[in-house]
file coords_35.cif (mmCIF, C-alpha atoms and all ligand atoms)
data_start
#
loop_
_atom_site.label_atom_id
_atom_site.label_comp_id
_atom_site.auth_asym_id
_atom_site.auth_seq_id
_atom_site.Cartn_x
_atom_site.Cartn_y
_atom_site.Cartn_z
CA MET A 1409 59.01 -35.99 60.40
CA LEU A 1410 55.31 -35.24 60.44
CA ILE A 1411 53.71 -32.76 58.00
CA ALA A 1412 50.23 -31.44 58.89
CA ASN A 1413 48.13 -30.33 55.93
CA VAL A 1414 45.62 -27.80 57.24
CA SER A 1415 43.00 -25.25 56.20
CA PRO A 1416 39.92 -23.75 57.83
CA ARG A 1417 37.64 -25.31 55.22
CA THR A 1418 37.72 -27.29 51.95
CA ALA A 1419 40.90 -26.24 50.18
CA GLY A 1420 42.41 -29.09 48.19
CA LYS A 1421 44.11 -30.77 51.18
CA THR A 1422 43.17 -34.35 50.40
CA THR A 1423 44.19 -33.97 46.77
CA ASP A 1424 47.47 -32.32 47.80
CA SER A 1425 48.12 -34.90 50.56
CA GLY A 1426 47.82 -37.87 48.20
CA LEU A 1427 49.85 -36.31 45.42
CA MET A 1428 52.54 -34.88 47.70
CA ALA A 1429 52.96 -38.33 49.25
CA HIS A 1430 53.49 -39.83 45.81
CA ALA A 1431 55.96 -37.08 44.88
CA LEU A 1432 57.98 -37.90 48.04
CA LEU A 1433 58.03 -41.59 47.09
CA ALA A 1434 59.16 -40.70 43.57
CA ALA A 1435 61.92 -38.27 44.65
CA GLU A 1436 65.44 -38.86 43.36
CA HIS A 1437 66.32 -40.09 46.85
CA PRO A 1438 62.93 -41.52 47.81
CA TYR A 1439 61.40 -40.89 51.22
CA GLU A 1440 59.54 -43.42 53.32
CA VAL A 1441 55.94 -42.23 53.46
CA GLU A 1442 52.93 -42.93 55.63
CA GLY A 1443 49.59 -41.16 55.58
CA TYR A 1444 47.32 -40.17 58.47
CA ASP A 1445 43.70 -39.29 57.81
CA ALA A 1446 42.70 -36.93 60.61
CA ASP A 1447 39.47 -35.90 58.87
CA HIS A 1448 36.12 -37.56 59.63
CA SER A 1449 35.34 -37.62 55.91
CA ALA A 1450 38.01 -40.37 55.65
CA GLN A 1451 38.65 -39.44 52.04
CA PHE A 1452 42.44 -39.74 52.15
CA TRP A 1453 42.08 -43.23 53.69
CA ASP A 1454 39.38 -44.19 51.17
CA TRP A 1455 41.47 -43.00 48.21
CA ALA A 1456 44.39 -45.10 49.48
CA GLN A 1457 42.17 -48.21 49.57
CA LYS A 1458 40.55 -47.64 46.18
CA ALA A 1459 43.77 -46.76 44.37
CA LYS A 1460 45.93 -49.25 46.31
CA PHE A 1461 48.49 -46.68 47.46
CA PRO A 1462 51.95 -48.20 47.94
CA PHE A 1463 52.04 -46.89 51.55
CA PRO A 1464 49.60 -47.16 54.47
CA VAL A 1465 47.12 -44.44 55.37
CA HIS A 1466 45.96 -44.65 58.98
CA ARG A 1467 42.50 -43.46 59.93
CA GLN A 1468 42.86 -41.23 63.01
CA PRO A 1469 40.36 -38.32 63.20
CA LEU A 1470 41.00 -38.09 66.92
CA ALA A 1471 41.31 -35.37 69.52
CA ARG A 1472 43.90 -37.68 71.12
CA PHE A 1473 45.88 -37.88 67.86
CA TYR A 1474 49.06 -36.76 69.63
CA ARG A 1475 48.78 -39.68 72.04
CA THR A 1476 47.76 -42.44 69.65
CA MET A 1477 49.94 -41.80 66.62
CA GLU A 1478 53.21 -43.63 66.58
CA LYS A 1479 55.76 -41.65 64.67
CA PRO A 1480 58.08 -44.03 62.81
CA THR A 1481 61.65 -43.09 63.46
CA GLY A 1482 63.26 -43.82 60.06
CA ARG A 1483 65.72 -41.10 59.08
CA ARG A 1484 63.96 -40.29 55.80
CA TYR A 1485 60.48 -40.92 57.12
CA VAL A 1486 57.73 -38.41 56.26
CA GLY A 1487 54.23 -38.75 57.72
CA ILE A 1488 51.54 -36.79 55.87
CA VAL A 1489 48.49 -35.78 57.91
CA ASP A 1490 45.30 -34.71 56.14
CA CYS A 1491 43.49 -32.66 58.82
CA GLY A 1492 39.80 -31.88 58.82
CA HIS A 1493 38.57 -28.29 58.76
CA THR A 1494 40.24 -26.39 61.60
CA GLU A 1495 37.01 -24.35 61.88
CA ASN A 1496 34.82 -27.37 62.63
CA HIS A 1497 37.23 -29.68 64.40
CA PRO A 1498 39.61 -27.46 66.40
CA ASP A 1499 40.14 -30.29 68.91
CA ILE A 1500 41.67 -32.52 66.23
CA ALA A 1501 43.67 -29.63 64.74
CA ASP A 1502 45.07 -28.81 68.19
CA ALA A 1503 46.01 -32.47 68.71
CA VAL A 1504 47.82 -32.71 65.36
CA LEU A 1505 49.60 -29.38 65.81
CA ARG A 1506 51.09 -30.58 69.09
CA VAL A 1507 53.19 -33.14 67.24
CA ALA A 1508 53.58 -31.73 63.70
CA ASP A 1509 57.11 -30.82 62.62
CA LEU A 1510 55.87 -28.78 59.67
CA VAL A 1511 52.50 -27.25 58.83
CA ILE A 1512 51.38 -26.63 55.27
CA VAL A 1513 48.41 -24.30 54.83
CA HIS A 1514 46.54 -25.06 51.62
CA MET A 1515 44.67 -22.26 49.86
CA ALA A 1516 43.66 -20.95 46.48
CA PRO A 1517 44.80 -17.40 45.70
CA THR A 1518 41.29 -16.04 46.20
CA SER A 1519 39.68 -13.52 48.54
CA ALA A 1520 37.35 -16.25 49.85
CA ASP A 1521 40.20 -18.49 51.01
CA PHE A 1522 42.31 -15.56 52.22
CA GLU A 1523 39.52 -14.10 54.34
CA ARG A 1524 38.64 -17.48 55.81
CA ILE A 1525 42.24 -17.99 56.94
CA VAL A 1526 43.16 -14.48 58.04
CA ASN A 1527 39.95 -12.73 58.98
CA PRO A 1528 37.10 -15.23 59.43
CA PRO A 1529 33.84 -13.58 60.54
CA ASP A 1530 33.09 -16.26 63.12
CA ALA A 1531 36.15 -18.42 63.77
CA THR A 1532 39.66 -18.20 65.18
CA PRO A 1533 42.19 -17.01 62.58
CA LEU A 1534 44.41 -19.91 61.53
CA PHE A 1535 47.59 -18.14 62.68
CA GLU A 1536 46.21 -18.13 66.24
CA VAL A 1537 45.25 -21.80 65.99
CA ILE A 1538 48.83 -22.64 65.03
CA GLU A 1539 50.41 -20.31 67.61
CA ARG A 1540 48.37 -21.62 70.52
CA SER A 1541 49.85 -25.09 70.04
CA GLU A 1542 53.19 -23.84 71.37
CA SER A 1543 52.42 -24.37 75.04
CA HIS A 1544 51.79 -28.08 74.37
CA ARG A 1545 54.90 -28.64 72.29
CA PRO A 1546 58.16 -29.98 73.67
CA ASP A 1547 60.17 -26.95 72.46
CA GLN A 1548 57.42 -24.44 73.40
CA ASN A 1549 57.49 -23.03 69.86
CA PRO A 1550 54.78 -23.23 67.20
CA PRO A 1551 55.59 -25.54 64.27
CA GLU A 1552 57.26 -24.09 61.18
CA THR A 1553 54.47 -23.14 58.78
CA TRP A 1554 54.38 -22.68 55.00
CA VAL A 1555 51.58 -21.76 52.62
CA LEU A 1556 51.03 -23.75 49.44
CA LEU A 1557 49.00 -21.87 46.83
CA ASN A 1558 46.92 -24.36 44.87
CA ARG A 1559 44.26 -24.13 42.15
CA CYS A 1560 46.33 -21.32 40.57
CA ALA A 1561 45.26 -20.10 37.13
CA THR A 1562 48.19 -19.77 34.70
CA ASN A 1563 49.72 -16.28 34.77
CA ALA A 1564 46.94 -14.93 36.99
CA ARG A 1565 47.69 -11.75 38.95
CA SER A 1566 45.99 -13.33 41.97
CA VAL A 1567 48.99 -15.62 42.59
CA LYS A 1568 51.43 -12.74 43.14
CA HIS A 1569 48.82 -10.74 45.03
CA TYR A 1570 47.94 -13.42 47.59
CA ARG A 1571 51.57 -14.49 47.96
CA GLU A 1572 52.30 -10.91 49.07
CA GLU A 1573 49.20 -10.75 51.27
CA MET A 1574 50.10 -13.98 53.08
CA ASP A 1575 53.70 -12.80 53.42
CA GLU A 1576 52.44 -9.60 55.08
CA GLU A 1577 50.37 -11.72 57.45
CA GLY A 1578 53.57 -13.40 58.62
CA TYR A 1579 53.34 -16.65 56.66
CA ASN A 1580 56.13 -18.25 54.64
CA VAL A 1581 54.86 -18.98 51.12
CA PHE A 1582 56.31 -21.63 48.82
CA THR A 1583 57.54 -20.42 45.43
CA ALA A 1584 56.15 -23.62 43.91
CA THR A 1585 52.43 -23.42 43.19
CA ILE A 1586 49.89 -26.06 42.21
CA PRO A 1587 47.97 -25.26 39.03
CA ARG A 1588 44.23 -25.29 38.64
CA SER A 1589 43.73 -28.26 36.39
CA GLU A 1590 41.22 -30.92 35.45
CA VAL A 1591 43.79 -33.70 35.97
CA LEU A 1592 44.26 -32.57 39.58
CA ALA A 1593 40.55 -31.89 40.10
CA GLN A 1594 39.77 -35.52 39.20
CA ALA A 1595 42.66 -37.13 41.10
CA VAL A 1596 40.98 -38.26 44.37
CA GLY A 1597 39.71 -41.83 44.26
CA PHE A 1598 41.80 -43.00 41.33
CA PRO A 1599 45.30 -44.36 40.77
CA VAL A 1600 47.80 -41.52 40.73
CA SER A 1601 49.24 -40.50 37.36
CA ASP A 1602 52.69 -39.05 36.70
CA ALA A 1603 51.03 -35.92 35.30
CA ALA A 1604 49.21 -35.34 38.59
CA VAL A 1605 52.40 -35.81 40.64
CA ARG A 1606 54.57 -33.46 38.51
CA PRO A 1607 53.68 -30.13 40.19
CA PHE A 1608 54.33 -31.76 43.56
CA ALA A 1609 57.77 -32.94 42.45
CA THR A 1610 58.66 -29.25 42.02
CA LEU A 1611 57.38 -28.61 45.53
CA VAL A 1612 59.46 -31.47 46.97
CA THR A 1613 62.58 -30.09 45.26
CA GLU A 1614 61.91 -26.66 46.76
CA MET A 1615 61.39 -28.17 50.22
CA GLU A 1616 64.68 -30.04 49.90
CA LYS A 1617 66.51 -26.86 48.86
CA ARG A 1618 65.02 -25.01 51.81
CA GLY A 1619 66.21 -27.77 54.14
CA ILE A 1620 62.77 -28.57 55.50
CA LEU A 1621 62.76 -32.24 54.52
CA PRO A 1622 64.97 -34.84 56.19
CA THR A 1623 68.29 -35.36 54.41
N1 LIG A 1701 44.72 -28.30 41.66
C1 LIG A 1701 43.39 -28.36 41.51
N2 LIG A 1701 42.78 -27.89 40.41
C2 LIG A 1701 41.44 -27.92 40.29
N3 LIG A 1701 40.61 -28.41 41.22
C3 LIG A 1701 41.16 -28.92 42.34
C4 LIG A 1701 42.58 -28.93 42.54
N4 LIG A 1701 42.83 -29.50 43.76
C5 LIG A 1701 41.63 -29.82 44.28
N5 LIG A 1701 40.63 -29.49 43.44
C6 LIG A 1701 39.19 -29.65 43.68
O1 LIG A 1701 38.84 -28.94 44.84
C7 LIG A 1701 37.86 -29.63 45.58
C8 LIG A 1701 38.35 -29.84 47.02
O2 LIG A 1701 39.48 -30.72 46.99
P1 LIG A 1701 39.80 -31.66 48.23
O3 LIG A 1701 38.67 -32.59 48.46
O4 LIG A 1701 41.15 -32.21 47.98
O5 LIG A 1701 39.83 -30.58 49.40
P2 LIG A 1701 39.89 -30.80 50.98
O6 LIG A 1701 40.59 -29.60 51.55
O7 LIG A 1701 40.41 -32.12 51.31
O8 LIG A 1701 38.34 -30.72 51.38
P3 LIG A 1701 37.69 -31.24 52.76
O9 LIG A 1701 38.45 -30.52 53.86
O10 LIG A 1701 36.27 -30.79 52.67
O11 LIG A 1701 37.89 -32.72 52.80
C9 LIG A 1701 37.55 -30.91 44.84
O12 LIG A 1701 36.40 -30.72 44.04
C10 LIG A 1701 38.79 -31.10 43.96
O13 LIG A 1701 38.47 -31.78 42.77
MG MG A 1702 39.57 -33.69 52.36
#
call {"tool": "encode", "arguments": {"input": "coords_35.cif", "output": "structure tokens"}}
result
Amino acid sequence: MLIANVSPRTAGKTTDSGLMAHALLAAEHPYEVEGYDADHSAQFWDWAQKAKFPFPVHRQPLARFYRTMEKPTGRRYVGIVDCGHTENHPDIADAVLRVADLVIVHMAPTSADFERIVNPPDATPLFEVIERSESHRPDQNPPETWVLLNRCATNARSVKHYREEMDEEGYNVFTATIPRSEVLAQAVGFPVSDAAVRPFATLVTEMEKRGILPT
């Protein structure tokens, strides 16, 4: 399966992509993982080179992503796509959303991230970007979409508040959240530590329980 990590702007996607991939590799029944860097910044790809990731990350910031990417067919295969900003590169986002099996929207529980996703002053709301992919998809349905709240302060009211707000906007929201932490803030570019992967292990367990990862 192919997971597209998206957001309208900078939102922790590259950090989450790298750490989620490692959590999938470290699962009790490990998954086969491959990364796809669909962002011109090439930071996911660069991190993989610098830190010698134990899986390949392909560099494909392409509006023809859906044509060029070859989806491995292994039963427990998970491809992780780090997309560029949907606001600035809608052509690439559209191309990835044509073939994604699951979309994860990355956001902090803040008004700035919420507004940028739901009610941007000068961009297409993300929900519409995802929905419009349906006409290009084999089943004519938009991909299943979940929100991952990241950079969450411990016990902050904002987490519950924006979970409810996103729920009201029609999004599924993971129970697992990613904390705001210095270890995670400094993760990109360096070998991945167990401490950095831990919150993502909880996410992988939740995804398994919800039946949205291959069995
Ligand atoms: N869990 C976290 N806690 C604290 N800081 C974080 C966390 N995750 C990411 N950050 C910080 O947030 C910033 C953005 O992270 P990242 O580069 O992963 O986002 P991105 O969505 O890939 O951005 P872009 O789309 O611009 O490439 C970085 O400074 C990173 O250190
Ligand atoms: Mg990035």
call {"tool": "closest_atom_pairs", "arguments": {"input": "coords_35.cif", "of": "region 1443-1465 of chain A", "to": "region 1598-1615 of chain A", "cutoff": "12 Å", "atoms": "only C-alpha atoms", "output": "tab-separated table"}}
result
residue	atom	partner	partner_atom	distance
A:Gln1451	CA	A:Phe1598	CA	11.7
A:Phe1452	CA	A:Phe1598	CA	11.3
A:Asp1454	CA	A:Phe1598	CA	10.2
A:Trp1455	CA	A:Phe1598	CA	6.9
A:Ala1456	CA	A:Pro1599	CA	8.8
A:Gln1457	CA	A:Phe1598	CA	9.8
A:Lys1458	CA	A:Phe1598	CA	6.8
A:Ala1459	CA	A:Pro1599	CA	4.6
A:Lys1460	CA	A:Pro1599	CA	7.4
A:Phe1461	CA	A:Pro1599	CA	7.8
A:Pro1462	CA	A:Pro1599	CA	10.5
call {"tool": "closest_atom_pairs", "arguments": {"input": "coords_35.cif", "of": "chain A", "to": "ligand LIG 1701 (chain A)", "cutoff": "9 Å", "atoms": "all atoms listed in the file", "output": "tab-separated table"}}
result
residue	atom	partner	partner_atom	distance
A:Asn1413	CA	A:LIG1701	O6	8.8
A:Val1414	CA	A:LIG1701	O6	7.8
A:Ser1415	CA	A:LIG1701	O6	6.8
A:Pro1416	CA	A:LIG1701	O9	8.0
A:Arg1417	CA	A:LIG1701	O9	5.4
A:Thr1418	CA	A:LIG1701	O8	3.5
A:Ala1419	CA	A:LIG1701	O6	3.6
A:Gly1420	CA	A:LIG1701	O5	3.2
A:Lys1421	CA	A:LIG1701	O6	3.7
A:Thr1422	CA	A:LIG1701	O7	3.7
A:Thr1423	CA	A:LIG1701	O4	3.7
A:Asp1424	CA	A:LIG1701	O4	6.3
A:Ser1425	CA	A:LIG1701	O4	7.9
A:Gly1426	CA	A:LIG1701	O4	8.8
A:Asp1447	CA	A:LIG1701	O11	7.0
A:His1448	CA	A:LIG1701	O11	8.6
A:Ser1449	CA	A:LIG1701	O11	6.3
A:Ala1450	CA	A:LIG1701	O11	8.2
A:Gln1451	CA	A:LIG1701	O11	6.8
A:Phe1452	CA	A:LIG1701	O7	7.9
A:Asp1490	CA	A:LIG1701	O7	7.3
A:Cys1491	CA	A:LIG1701	O9	7.4
A:Gly1492	CA	A:LIG1701	O9	5.3
A:His1493	CA	A:LIG1701	O9	5.4
A:Thr1494	CA	A:LIG1701	O9	9.0
A:His1514	CA	A:LIG1701	O6	7.5
A:Met1515	CA	A:LIG1701	O6	8.6
A:Ala1516	CA	A:LIG1701	N1	8.9
A:Asn1558	CA	A:LIG1701	N1	5.5
A:Arg1559	CA	A:LIG1701	N1	4.2
A:Cys1560	CA	A:LIG1701	N1	7.2
A:Ala1561	CA	A:LIG1701	N2	8.8
A:Ile1586	CA	A:LIG1701	N1	5.7
A:Pro1587	CA	A:LIG1701	N1	5.2
A:Arg1588	CA	A:LIG1701	N2	3.5
A:Ser1589	CA	A:LIG1701	N2	4.1
A:Glu1590	CA	A:LIG1701	C2	5.7
A:Val1591	CA	A:LIG1701	N2	7.4
A:Leu1592	CA	A:LIG1701	C1	4.7
A:Ala1593	CA	A:LIG1701	O13	3.4
A:Gln1594	CA	A:LIG1701	O13	5.3
A:Ala1595	CA	A:LIG1701	O13	7.0
A:Val1596	CA	A:LIG1701	O4	7.0
A:Ala1604	CA	A:LIG1701	N1	8.9
call {"tool": "closest_residue", "arguments": {"input": "coords_35.cif", "among": "A:Val1567, A:Leu1505, A:Leu1621, A:Ala1446", "to": "ligand MG 1702 (chain A)", "atoms": "all atoms listed in the file"}}
result
A:Ala1446
call {"tool": "closest_residue", "arguments": {"input": "coords_35.cif", "among": "A:Ile1488, A:Ala1501, A:Ala1520, A:Ala1471", "to": "Met1428 (chain A)", "atoms": "only C-alpha atoms"}}
result
A:Ile1488
call {"tool": "closest_residue", "arguments": {"input": "coords_35.cif", "among": "A:Thr1553, A:Pro1529, A:Pro1469, A:Phe1463", "to": "ligand MG 1702 (chain A)", "atoms": "only C-alpha atoms and all ligand atoms"}}
result
A:Pro1469
call {"tool": "closest_residue", "arguments": {"input": "coords_35.cif", "among": "A:Pro1622, A:Glu1577, A:Leu1410, A:His1466", "to": "Asn1527 (chain A)", "atoms": "only C-alpha atoms"}}
result
A:Glu1577
call {"tool": "residues_around", "arguments": {"input": "coords_35.cif", "residues": "Arg1506 (chain A)", "least_positions_apart": "2", "cutoff": "12 Å", "atoms": "all atoms listed in the file", "output": "tab-separated table (two decimals) with C-alpha atoms, in the coordinates of the input"}}
result
chain	number	residue	atom	x	y	z
A	1410	LEU	CA	55.31	-35.24	60.44
A	1411	ILE	CA	53.71	-32.76	58.00
A	1412	ALA	CA	50.23	-31.44	58.89
A	1471	ALA	CA	41.31	-35.37	69.52
A	1472	ARG	CA	43.90	-37.68	71.12
A	1473	PHE	CA	45.88	-37.88	67.86
A	1474	TYR	CA	49.06	-36.76	69.63
A	1475	ARG	CA	48.78	-39.68	72.04
A	1477	MET	CA	49.94	-41.80	66.62
A	1499	ASP	CA	40.14	-30.29	68.91
A	1500	ILE	CA	41.67	-32.52	66.23
A	1501	ALA	CA	43.67	-29.63	64.74
A	1502	ASP	CA	45.07	-28.81	68.19
A	1503	ALA	CA	46.01	-32.47	68.71
A	1504	VAL	CA	47.82	-32.71	65.36
A	1508	ALA	CA	53.58	-31.73	63.70
A	1509	ASP	CA	57.11	-30.82	62.62
A	1510	LEU	CA	55.87	-28.78	59.67
A	1511	VAL	CA	52.50	-27.25	58.83
A	1537	VAL	CA	45.25	-21.80	65.99
A	1538	ILE	CA	48.83	-22.64	65.03
A	1539	GLU	CA	50.41	-20.31	67.61
A	1540	ARG	CA	48.37	-21.62	70.52
A	1541	SER	CA	49.85	-25.09	70.04
A	1542	GLU	CA	53.19	-23.84	71.37
A	1543	SER	CA	52.42	-24.37	75.04
A	1544	HIS	CA	51.79	-28.08	74.37
A	1545	ARG	CA	54.90	-28.64	72.29
A	1546	PRO	CA	58.16	-29.98	73.67
A	1547	ASP	CA	60.17	-26.95	72.46
A	1548	GLN	CA	57.42	-24.44	73.40
A	1549	ASN	CA	57.49	-23.03	69.86
A	1550	PRO	CA	54.78	-23.23	67.20
A	1551	PRO	CA	55.59	-25.54	64.27
A	1552	GLU	CA	57.26	-24.09	61.18
call {"tool": "atom_distance", "arguments": {"input": "coords_35.cif", "atom1": "CA of Leu1556 (chain A)", "atom2": "CA of Arg1571 (chain A)"}}
result
9.4 Å
call {"tool": "axis_aligned_box", "arguments": {"input": "coords_35.cif", "around": "region 1575-1587 of chain A", "padding_each_side": "4 Å", "output": "JSON"}}
result
{"center_x": 52.8, "center_y": -17.8, "center_z": 48.8, "size_x": 17.6, "size_y": 24.5, "size_z": 27.6}
call {"tool": "closest_residue", "arguments": {"input": "coords_35.cif", "among": "A:Val1486, A:Val1555, A:Val1465, A:Val1581", "to": "Leu1432 (chain A)", "atoms": "only C-alpha atoms"}}
result
A:Val1486
call {"tool": "residues_near_point", "arguments": {"input": "coords_35.cif", "point": "(51.0, -12.8, 50.4)", "cutoff": "12 Å", "atoms": "all atoms listed in the file", "output": "VMD selection string"}}
result
chain A and resid 1515 to 1519 1522 1526 1554 to 1557 1565 to 1583
call {"tool": "atom_distance", "arguments": {"input": "coords_35.cif", "atom1": "CA of Pro1464 (chain A)", "atom2": "CA of Ala1429 (chain A)"}}
result
10.8 Å
call {"tool": "atom_distance", "arguments": {"input": "coords_35.cif", "atom1": "CA of Glu1495 (chain A)", "atom2": "CA of Tyr1444 (chain A)"}}
result
19.2 Å
call {"tool": "decode", "arguments": {"input": "coords_35.cif", "residues": "region 1570-1591 of chain A", "atoms": "N, CA, C and O atoms", "output": "short mmCIF file (atom, residue, chain, number, x, y, z; two decimals), in the first residue's frame"}}
result
data_model
loop_
_atom_site.label_atom_id
_atom_site.label_comp_id
_atom_site.auth_asym_id
_atom_site.auth_seq_id
_atom_site.Cartn_x
_atom_site.Cartn_y
_atom_site.Cartn_z
N TYR A 1570 -8.73 20.68 18.80
CA TYR A 1570 -8.55 20.55 17.35
C TYR A 1570 -8.90 19.15 16.85
O TYR A 1570 -9.27 18.98 15.68
N ARG A 1571 -8.86 18.15 17.72
CA ARG A 1571 -9.39 16.83 17.35
C ARG A 1571 -10.88 16.98 17.02
O ARG A 1571 -11.36 16.49 15.99
N GLU A 1572 -11.61 17.68 17.91
CA GLU A 1572 -13.05 17.86 17.69
C GLU A 1572 -13.32 18.73 16.45
O GLU A 1572 -14.22 18.44 15.67
N GLU A 1573 -12.52 19.77 16.29
CA GLU A 1573 -12.71 20.65 15.12
C GLU A 1573 -12.52 19.88 13.81
O GLU A 1573 -13.30 20.03 12.87
N MET A 1574 -11.46 19.07 13.76
CA MET A 1574 -11.18 18.32 12.53
C MET A 1574 -12.26 17.25 12.30
O MET A 1574 -12.65 16.99 11.16
N ASP A 1575 -12.73 16.66 13.40
CA ASP A 1575 -13.82 15.70 13.31
C ASP A 1575 -15.06 16.37 12.70
O ASP A 1575 -15.70 15.83 11.79
N GLU A 1576 -15.37 17.57 13.17
CA GLU A 1576 -16.53 18.30 12.64
C GLU A 1576 -16.36 18.65 11.16
O GLU A 1576 -17.34 18.78 10.43
N GLU A 1577 -15.12 18.79 10.74
CA GLU A 1577 -14.85 19.11 9.33
C GLU A 1577 -14.91 17.85 8.46
O GLU A 1577 -14.67 17.92 7.25
N GLY A 1578 -15.17 16.70 9.08
CA GLY A 1578 -15.32 15.47 8.30
C GLY A 1578 -14.09 14.61 8.21
O GLY A 1578 -14.05 13.66 7.44
N TYR A 1579 -13.05 14.96 8.97
CA TYR A 1579 -11.81 14.17 8.95
C TYR A 1579 -11.84 13.10 10.04
O TYR A 1579 -12.39 13.32 11.13
N ASN A 1580 -11.24 11.95 9.75
CA ASN A 1580 -10.91 10.97 10.80
C ASN A 1580 -9.65 11.47 11.49
O ASN A 1580 -8.74 11.96 10.82
N VAL A 1581 -9.58 11.31 12.81
CA VAL A 1581 -8.40 11.78 13.55
C VAL A 1581 -7.85 10.63 14.39
O VAL A 1581 -8.60 9.99 15.15
N PHE A 1582 -6.57 10.33 14.23
CA PHE A 1582 -5.96 9.27 15.03
C PHE A 1582 -6.02 9.63 16.52
O PHE A 1582 -5.86 10.80 16.89
N THR A 1583 -6.23 8.61 17.35
CA THR A 1583 -6.14 8.79 18.81
C THR A 1583 -4.69 9.06 19.19
O THR A 1583 -4.41 9.90 20.05
N ALA A 1584 -3.77 8.32 18.57
CA ALA A 1584 -2.35 8.53 18.84
C ALA A 1584 -1.96 9.94 18.40
O ALA A 1584 -2.41 10.42 17.36
N THR A 1585 -1.15 10.60 19.21
CA THR A 1585 -0.63 11.92 18.85
C THR A 1585 0.89 11.90 18.99
O THR A 1585 1.45 11.06 19.70
N ILE A 1586 1.52 12.82 18.31
CA ILE A 1586 2.99 12.92 18.36
C ILE A 1586 3.33 14.13 19.23
O ILE A 1586 2.85 15.23 18.97
N PRO A 1587 4.14 13.91 20.27
CA PRO A 1587 4.42 15.02 21.18
C PRO A 1587 5.32 16.09 20.58
O PRO A 1587 6.06 15.82 19.63
N ARG A 1588 5.22 17.28 21.13
CA ARG A 1588 6.21 18.31 20.81
C ARG A 1588 7.45 18.00 21.64
O ARG A 1588 7.37 17.94 22.86
N SER A 1589 8.55 17.76 20.99
CA SER A 1589 9.72 17.37 21.76
C SER A 1589 11.01 17.75 21.04
O SER A 1589 11.03 17.81 19.79
N GLU A 1590 12.04 17.97 21.81
CA GLU A 1590 13.33 18.34 21.24
C GLU A 1590 13.94 17.16 20.47
O GLU A 1590 14.56 17.34 19.42
N VAL A 1591 13.75 15.96 21.00
CA VAL A 1591 14.28 14.76 20.30
C VAL A 1591 13.69 14.67 18.89
O VAL A 1591 14.40 14.43 17.92
#
